[in-house]
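The file coords.cif comes next; it holds mmCIF, C-alpha atoms.
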data_target
loop_
_atom_site.group_PDB
_atom_site.id
_atom_site.type_symbol
_atom_site.label_atom_id
_atom_site.label_comp_id
_atom_site.auth_asym_id
_atom_site.auth_seq_id
_atom_site.Cartn_x
_atom_site.Cartn_y
_atom_site.Cartn_z
ATOM 1 C CA MET A 11 2.614 13.226 18.336
ATOM 2 C CA ALA A 12 1.526 11.072 21.252
ATOM 3 C CA HIS A 13 -1.870 9.452 21.208
ATOM 4 C CA ALA A 14 -3.776 6.966 23.283
ATOM 5 C CA PHE A 15 -6.665 4.684 22.509
ATOM 6 C CA LEU A 16 -8.989 4.477 25.461
ATOM 7 C CA PRO A 17 -11.009 1.293 26.007
ATOM 8 C CA ARG A 18 -14.674 1.243 25.032
ATOM 9 C CA SER A 19 -16.759 2.631 27.886
ATOM 10 C CA THR A 20 -19.847 1.043 29.357
ATOM 11 C CA LYS A 21 -21.810 3.542 27.238
ATOM 12 C CA GLY A 22 -20.370 2.017 24.056
ATOM 13 C CA TYR A 23 -17.997 4.878 23.253
ATOM 14 C CA CYS A 24 -14.258 4.875 22.867
ATOM 15 C CA ALA A 25 -11.895 7.799 22.481
ATOM 16 C CA VAL A 26 -8.657 8.608 20.789
ATOM 17 C CA THR A 27 -6.689 11.331 22.494
ATOM 18 C CA ILE A 28 -3.938 13.297 20.843
ATOM 19 C CA GLY A 29 -1.090 14.923 22.749
ATOM 20 C CA TYR A 30 0.407 18.127 21.416
ATOM 21 C CA ARG A 31 3.951 18.185 20.091
ATOM 22 C CA GLY A 32 6.278 19.061 22.939
ATOM 23 C CA CYS A 33 3.718 17.769 25.481
ATOM 24 C CA SER A 34 2.584 14.371 26.733
ATOM 25 C CA GLY A 35 5.957 12.819 25.973
ATOM 26 C CA SER A 36 6.060 14.023 22.355
ATOM 27 C CA SER A 37 8.981 15.775 20.734
ATOM 28 C CA GLY A 38 8.774 19.012 18.783
ATOM 29 C CA ALA A 39 7.042 22.299 19.543
ATOM 30 C CA PRO A 40 3.311 23.094 19.581
ATOM 31 C CA GLU A 41 2.715 25.303 16.539
ATOM 32 C CA GLU A 42 -0.674 25.860 14.896
ATOM 33 C CA LEU A 43 0.232 24.413 11.493
ATOM 34 C CA THR A 44 1.865 21.243 12.803
ATOM 35 C CA LEU A 45 -0.833 20.681 15.428
ATOM 36 C CA THR A 46 -3.504 20.981 12.753
ATOM 37 C CA GLU A 47 -1.650 18.580 10.451
ATOM 38 C CA ASP A 48 -1.287 16.066 13.307
ATOM 39 C CA VAL A 49 -4.975 16.160 14.185
ATOM 40 C CA ILE A 50 -6.170 15.879 10.598
ATOM 41 C CA ALA A 51 -3.770 12.991 9.926
ATOM 42 C CA LYS A 52 -5.066 11.106 12.950
ATOM 43 C CA VAL A 53 -8.766 11.806 12.460
ATOM 44 C CA ILE A 54 -8.955 10.862 8.782
ATOM 45 C CA LEU A 55 -7.700 7.385 9.699
ATOM 46 C CA GLU A 56 -10.495 6.909 12.246
ATOM 47 C CA THR A 57 -13.208 4.610 10.932
ATOM 48 C CA ALA A 58 -15.501 4.413 13.979
ATOM 49 C CA ARG A 59 -18.863 6.120 13.526
ATOM 50 C CA PRO A 60 -20.385 8.304 14.621
ATOM 51 C CA LEU A 61 -17.223 10.372 14.957
ATOM 52 C CA VAL A 62 -17.607 13.167 17.486
ATOM 53 C CA LEU A 63 -14.809 15.725 17.482
ATOM 54 C CA TYR A 64 -14.096 16.947 21.016
ATOM 55 C CA GLY A 65 -11.787 19.855 21.652
ATOM 56 C CA GLU A 66 -10.911 21.360 25.000
ATOM 57 C CA SER A 67 -9.477 24.872 25.378
ATOM 58 C CA LEU A 68 -6.576 25.102 22.883
ATOM 59 C CA GLY A 69 -7.855 21.868 21.341
ATOM 60 C CA THR A 70 -11.067 23.612 20.294
ATOM 61 C CA ALA A 71 -9.143 25.352 17.519
ATOM 62 C CA MET A 72 -7.870 21.997 16.249
ATOM 63 C CA ALA A 73 -11.320 20.352 16.409
ATOM 64 C CA LEU A 74 -12.800 23.290 14.507
ATOM 65 C CA ARG A 75 -10.162 23.071 11.825
ATOM 66 C CA VAL A 76 -10.961 19.390 11.265
ATOM 67 C CA ALA A 77 -14.720 20.077 11.226
ATOM 68 C CA ALA A 78 -14.172 22.835 8.658
ATOM 69 C CA ASP A 79 -12.938 20.098 6.299
ATOM 70 C CA ASP A 80 -16.276 18.263 6.767
ATOM 71 C CA ILE A 81 -14.644 15.508 8.783
ATOM 72 C CA GLY A 82 -16.752 14.106 11.598
ATOM 73 C CA ASP A 83 -20.411 13.799 12.485
ATOM 74 C CA ALA A 84 -20.698 16.223 15.418
ATOM 75 C CA ILE A 85 -18.470 18.539 17.446
ATOM 76 C CA VAL A 86 -18.185 19.347 21.151
ATOM 77 C CA LEU A 87 -16.091 22.317 22.255
ATOM 78 C CA GLU A 88 -15.115 22.768 25.877
ATOM 79 C CA ALA A 89 -14.130 26.362 26.729
ATOM 80 C CA PRO A 90 -13.708 27.717 23.193
ATOM 81 C CA PHE A 91 -12.352 31.216 22.677
ATOM 82 C CA THR A 92 -12.410 33.880 19.995
ATOM 83 C CA SER A 93 -8.621 34.233 19.686
ATOM 84 C CA PHE A 94 -5.494 33.734 21.739
ATOM 85 C CA LEU A 95 -4.985 37.514 21.777
ATOM 86 C CA ASP A 96 -8.440 37.895 23.347
ATOM 87 C CA ILE A 97 -7.403 35.474 26.112
ATOM 88 C CA LEU A 98 -4.240 37.517 26.724
ATOM 89 C CA ALA A 99 -6.261 40.732 26.816
ATOM 90 C CA ALA A 100 -8.681 39.209 29.352
ATOM 91 C CA GLN A 101 -5.825 37.925 31.526
ATOM 92 C CA TYR A 102 -3.709 41.078 31.312
ATOM 93 C CA PRO A 103 -6.094 43.952 30.508
ATOM 94 C CA LEU A 104 -3.558 46.692 31.256
ATOM 95 C CA GLU A 105 -0.840 45.276 28.999
ATOM 96 C CA ASN A 106 -0.501 45.334 25.207
ATOM 97 C CA LEU A 107 0.860 41.823 24.732
ATOM 98 C CA GLY A 108 -0.289 41.474 21.132
ATOM 99 C CA ASP A 109 2.974 43.004 19.950
ATOM 100 C CA LEU A 110 4.900 40.161 21.610
ATOM 101 C CA CYS A 111 2.992 37.400 19.807
ATOM 102 C CA GLY A 112 3.521 36.021 16.362
ATOM 103 C CA PRO A 113 0.661 34.358 14.493
ATOM 104 C CA THR A 114 -2.031 33.398 16.970
ATOM 105 C CA LEU A 115 -4.807 30.882 17.083
ATOM 106 C CA GLY A 116 -8.062 32.428 16.043
ATOM 107 C CA GLN A 117 -11.244 30.476 15.647
ATOM 108 C CA PRO A 118 -14.067 32.377 13.907
ATOM 109 C CA PRO A 119 -12.723 31.961 10.331
ATOM 110 C CA TYR A 120 -12.849 28.166 10.771
ATOM 111 C CA ALA A 121 -16.081 28.320 12.730
ATOM 112 C CA ARG A 122 -18.198 30.089 10.137
ATOM 113 C CA GLY A 123 -18.188 27.061 7.846
ATOM 114 C CA ILE A 124 -19.141 24.535 10.536
ATOM 115 C CA ARG A 125 -22.390 22.761 9.734
ATOM 116 C CA LEU A 126 -22.049 19.783 12.121
ATOM 117 C CA PRO A 127 -24.270 19.514 15.193
ATOM 118 C CA LEU A 128 -22.427 21.506 17.865
ATOM 119 C CA ARG A 129 -22.348 21.639 21.658
ATOM 120 C CA ILE A 130 -20.326 24.286 23.440
ATOM 121 C CA ILE A 131 -19.505 23.837 27.116
ATOM 122 C CA HIS A 132 -18.226 26.706 29.207
ATOM 123 C CA GLY A 133 -17.754 27.288 32.916
ATOM 124 C CA GLU A 134 -19.534 30.254 34.424
ATOM 125 C CA ILE A 135 -16.503 31.200 36.508
ATOM 126 C CA GLY A 136 -13.734 30.292 34.076
ATOM 127 C CA LYS A 137 -10.758 32.616 34.519
ATOM 128 C CA ILE A 138 -8.366 31.057 32.005
ATOM 129 C CA VAL A 139 -10.876 31.433 29.157
ATOM 130 C CA PRO A 140 -13.603 33.807 30.397
ATOM 131 C CA ILE A 141 -17.157 32.823 29.509
ATOM 132 C CA VAL A 142 -17.627 36.075 27.603
ATOM 133 C CA LEU A 143 -15.185 34.727 24.967
ATOM 134 C CA GLY A 144 -17.205 31.517 24.697
ATOM 135 C CA CYS A 145 -20.419 33.516 24.289
ATOM 136 C CA GLU A 146 -18.846 35.674 21.573
ATOM 137 C CA PHE A 147 -17.556 32.572 19.841
ATOM 138 C CA PHE A 148 -20.995 30.884 19.911
ATOM 139 C CA ALA A 149 -22.338 33.344 17.336
ATOM 140 C CA ALA A 150 -19.740 32.344 14.713
ATOM 141 C CA PRO A 151 -20.540 28.720 13.732
ATOM 142 C CA GLY A 152 -23.121 28.299 10.998
ATOM 143 C CA SER A 153 -24.462 25.048 12.455
ATOM 144 C CA ALA A 154 -28.251 24.876 12.452
ATOM 145 C CA GLU A 155 -28.110 22.570 15.484
ATOM 146 C CA LYS A 156 -26.024 24.218 18.180
ATOM 147 C CA GLN A 157 -26.322 24.592 21.923
ATOM 148 C CA PHE A 158 -24.366 26.528 24.544
ATOM 149 C CA LEU A 159 -24.109 24.740 27.895
ATOM 150 C CA GLU A 160 -23.116 27.074 30.719
ATOM 151 C CA ILE A 161 -21.919 25.109 33.736
ATOM 152 C CA ALA A 162 -22.794 27.130 36.848
ATOM 153 C CA SER A 163 -20.173 27.525 39.573
ATOM 154 C CA GLU A 164 -17.497 25.716 37.545
ATOM 155 C CA GLY A 165 -14.282 26.956 35.990
ATOM 156 C CA HIS A 166 -11.920 26.003 33.188
ATOM 157 C CA ARG A 167 -10.539 22.880 34.856
ATOM 158 C CA THR A 168 -13.679 21.654 36.621
ATOM 159 C CA LEU A 169 -16.247 21.323 33.837
ATOM 160 C CA TRP A 170 -16.333 17.543 33.582
ATOM 161 C CA THR A 171 -19.167 16.835 36.028
ATOM 162 C CA PRO A 172 -21.573 13.858 36.208
ATOM 163 C CA GLY A 173 -24.404 16.106 34.955
ATOM 164 C CA LEU A 174 -22.320 17.173 31.967
ATOM 165 C CA GLN A 175 -21.454 13.565 31.171
ATOM 166 C CA SER A 176 -25.154 12.639 31.022
ATOM 167 C CA THR A 177 -25.873 15.600 28.754
ATOM 168 C CA LEU A 178 -23.047 14.693 26.389
ATOM 169 C CA TYR A 179 -24.028 11.016 26.257
ATOM 170 C CA GLY A 180 -27.497 12.192 25.218
ATOM 171 C CA PHE A 181 -25.969 14.306 22.466
#
Go ahead and express the file in the form of structure tokens.
Amino acid sequence: MAHAFLPRSTKGYCAVTIGYRGCSGSSGAPEELTLTEDVIAKVILETARPLVLYGESLGTAMALRVAADDIGDAIVLEAPFTSFLDILAAQYPLENLGDLCGPTLGQPPYARGIRLPLRIIHGEIGKIVPIVLGCEFFAAPGSAEKQFLEIASEGHRTLWTPGLQSTLYGF
């Protein structure tokens, strides 16, 4: 597992980023169980507070899994999805690719137990993870304090805008 500690920003925040196995210079293969173990192992050692879990795309499943163990103080999910099979179905609607996949990442079982303050960010024109999957996902978490931020005219890779940064710093 590769990770990086980013310097404290002018806003007083710092971040720890985690690279998936098999990516970012790490060895191994990205599998749900090992990714989850890596994230939990890293996060439980973090002593800085408040601890905001931030997951993007595939990382939303990992952030949710950690939050389900009551680790963290808040959670931000960028482009969450209902399941990997739903993404495949949206990308290839005329194909039945579910038969080709083994166990797949699915988020609602983890999400139902989430009680942390939650912000979901999704691009209006996201093609990789369509916004409809983010909207469906939004209903699952049990958090009493949750908000869905739809970023107009932005897609999966272009969500991090100055306006979004201000909103998240406020959160």
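Separating CA of Ile81 (chain A) from CA of Glu56 (chain A) is a distance of 10.2 Å.
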**OP:** Given the file shown, enumerate the residues that the PyMOL selection byres ((chain A and resi 140) around 12) captures and present them as number ranges by chain.
**Re:** A: 67, 89-94, 96-101, 132-139, 141-147, 160, 164-166
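Between CA of Val62 (chain A) and CA of Phe181 (chain A) the separation is 9.8 Å.
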Just say which residues the PyMOL selection byres ((chain A and resi 121-126) around 9) picks in this file, as a compact mmCIF listing (two decimals) with C-alpha atoms, in the frame of the given file.
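Result saved to selection.txt:
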# COMPACT_ATOMS: atom_id res chain seq x y z
CA ALA A 71 -9.14 25.35 17.52
CA LEU A 74 -12.80 23.29 14.51
CA ARG A 75 -10.16 23.07 11.82
CA ALA A 77 -14.72 20.08 11.23
CA ALA A 78 -14.17 22.84 8.66
CA ASP A 79 -12.94 20.10 6.30
CA ASP A 80 -16.28 18.26 6.77
CA GLY A 82 -16.75 14.11 11.60
CA ASP A 83 -20.41 13.80 12.48
CA ALA A 84 -20.70 16.22 15.42
CA ILE A 85 -18.47 18.54 17.45
CA GLN A 117 -11.24 30.48 15.65
CA PRO A 118 -14.07 32.38 13.91
CA PRO A 119 -12.72 31.96 10.33
CA TYR A 120 -12.85 28.17 10.77
CA PRO A 127 -24.27 19.51 15.19
CA LEU A 128 -22.43 21.51 17.86
CA PHE A 147 -17.56 32.57 19.84
CA ALA A 149 -22.34 33.34 17.34
CA ALA A 150 -19.74 32.34 14.71
CA PRO A 151 -20.54 28.72 13.73
CA GLY A 152 -23.12 28.30 11.00
CA SER A 153 -24.46 25.05 12.46
CA ALA A 154 -28.25 24.88 12.45
CA GLU A 155 -28.11 22.57 15.48
CA LYS A 156 -26.02 24.22 18.18
Subject >> Expected answer as an MDAnalysis selection string: all residues with atoms within 12 Å of (3.3, 23.2, 21.6), only C-alpha atoms >> reply: chainID A and resid 11 29:46 48 68:69
With C-alpha atoms kept, could you save the residues just selected as a compact mmCIF listing (two decimals), keeping the file's coordinate frame?
# COMPACT_ATOMS: atom_id res chain seq x y z
CA MET A 11 2.61 13.23 18.34
CA GLY A 29 -1.09 14.92 22.75
CA TYR A 30 0.41 18.13 21.42
CA ARG A 31 3.95 18.18 20.09
CA GLY A 32 6.28 19.06 22.94
CA CYS A 33 3.72 17.77 25.48
CA SER A 34 2.58 14.37 26.73
CA GLY A 35 5.96 12.82 25.97
CA SER A 36 6.06 14.02 22.36
CA SER A 37 8.98 15.78 20.73
CA GLY A 38 8.77 19.01 18.78
CA ALA A 39 7.04 22.30 19.54
CA PRO A 40 3.31 23.09 19.58
CA GLU A 41 2.72 25.30 16.54
CA GLU A 42 -0.67 25.86 14.90
CA LEU A 43 0.23 24.41 11.49
CA THR A 44 1.86 21.24 12.80
CA LEU A 45 -0.83 20.68 15.43
CA THR A 46 -3.50 20.98 12.75
CA ASP A 48 -1.29 16.07 13.31
CA LEU A 68 -6.58 25.10 22.88
CA GLY A 69 -7.86 21.87 21.34
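Across the model, the gap from CA of Leu87 (chain A) to CA of Thr70 (chain A) is 5.5 Å.
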**OP:** Compile the contact shell of Val53 (chain A) as JSON, numbers by chain: residues with an atom at most 10 Å away, counting all atoms listed in the file, same-chain residues fewer than 2 positions apart removed.
**Re:** {"A": [26, 28, 48, 49, 50, 51, 55, 56, 57, 61, 63, 73, 76, 81, 82]}
Original post:
Hey, which of A:Ile130, A:Tyr102, A:Leu159, A:Lys52 ends up closest to Gly65 (chain A)? Count all atoms listed in the file.
Top reply: A:Ile130
Original post:
Using only C-alpha atoms, which of the listed residues (A:Phe148, A:Glu66, A:Gln157, A:Glu105) sits closest to Thr177 (chain A)?
Top reply: A:Gln157
**OP:** Between A:Val86, A:Leu95, A:Tyr64, A:Ile131, single out the one closest to Thr171 (chain A), counting all atoms listed in the file.
**Re:** A:Ile131
